[in-house]
Amino acid sequence: MNKITSVCVYSASSTKIDPVYFDAARELGTLLGQKQIRLINGAGNMGLMSAVADATLAAGGEVTGVIPHFMVEQGWHHTGLTKLVQVESMHERKKLMADLSDAIIALPGGCGTLEELLEAITWKQLGLYLNPIVILNTKGFFDPLLAMLQKAVDENFMRAQHGAIWHVAHTPQEAVDLIHTTPLWDASIRKFAAI
């Protein structure tokens, strides 16, 4: 069992999405709060980002939000988090969120969420992030991405063992279970990042 005290959650800021995604985000936040696992996220005040944070807080948990200063100036930040960390850039935001976390869970989202997830997968492939990465595949949202990643493995753009970089959950409970049971990544595998 991994000792997990904090989890970085990537997720959408959109509000115009199927309620099933909000239900999963709230369920995940509730589980994190109940288990006293600190949520690390992008500090947004809308969409799934806000839903998972609010549920974590309501369940007695703590939330650290990391957000660039320009987003705070626009009023896009959640004002009720346990801790709000302002940074200068999106790059700094992503790095700090990963550095603060013992695991990553990706909820459905748009370009920003997908970019964060793929960068974390790349970091892990290179041995720069060794902790569990779990994709919460609510309503099959990530099926096309997972098929693309498998295609990259099948066509030798990635080695077969790189398919173990991420794990897929279908429920929030399964996602929380996976962050605790997924073995830490063997950094020596990074030697095989290119074929």
# chains A, B, ... in the order shown; residues from 1 in each chain; ligands from 1
$ closest_atom_pairs --of "region 72-124 of chain A" --to "region 133-149 of chain A" --cutoff "9 Å" --atoms "only C-alpha atoms" --output "Markdown table"
| residue | atom | partner | partner_atom | distance |
| --- | --- | --- | --- | --- |
| A:Ala103 | CA | A:Ile133 | CA | 6.0 |
| A:Ile104 | CA | A:Ile133 | CA | 4.7 |
| A:Ile105 | CA | A:Val134 | CA | 4.7 |
| A:Ala106 | CA | A:Ile135 | CA | 4.9 |
| A:Leu107 | CA | A:Leu136 | CA | 5.4 |
| A:Pro108 | CA | A:Phe141 | CA | 6.4 |
| A:Gly109 | CA | A:Phe141 | CA | 8.9 |
| A:Leu114 | CA | A:Leu145 | CA | 9.0 |
| A:Leu117 | CA | A:Ile133 | CA | 8.5 |
| A:Ala120 | CA | A:Ile133 | CA | 7.9 |
| A:Ile121 | CA | A:Ile133 | CA | 7.6 |
| A:Lys124 | CA | A:Ile133 | CA | 8.8 |
$ residues_around --residues "Ala53 (chain A)" --least-positions-apart "5" --cutoff "8 Å" --atoms "only C-alpha atoms" --output "number ranges by chain"
A: 29, 39, 41, 63, 81
$ select_by_dssp --residues "chain A" --states "alpha helix (DSSP H)" --output "ChimeraX atom specification"
/A:19-34,47-58,69-73,90-99,111-125,143-154,172-181
$ residues_around --residues "Thr182 (chain A)" --least-positions-apart "5" --cutoff "9 Å" --atoms "only C-alpha atoms" --output "JSON, numbers by chain"
{"A": [1, 2, 131, 132, 133, 167, 177]}
$ closest_residue --among "A:Asp102, A:Asp54, A:Glu27, A:Glu155" --to "Ile179 (chain A)" --atoms "only C-alpha atoms"
A:Asp102
$ closest_residue --among "A:Val7, A:Leu84, A:Ala24, A:Val176" --to "Gly44 (chain A)" --atoms "only C-alpha atoms"
A:Leu84
$ closest_residue --among "A:Ala169, A:Leu48, A:Leu118, A:Ala43" --to "Met97 (chain A)" --atoms "only C-alpha atoms"
A:Ala43
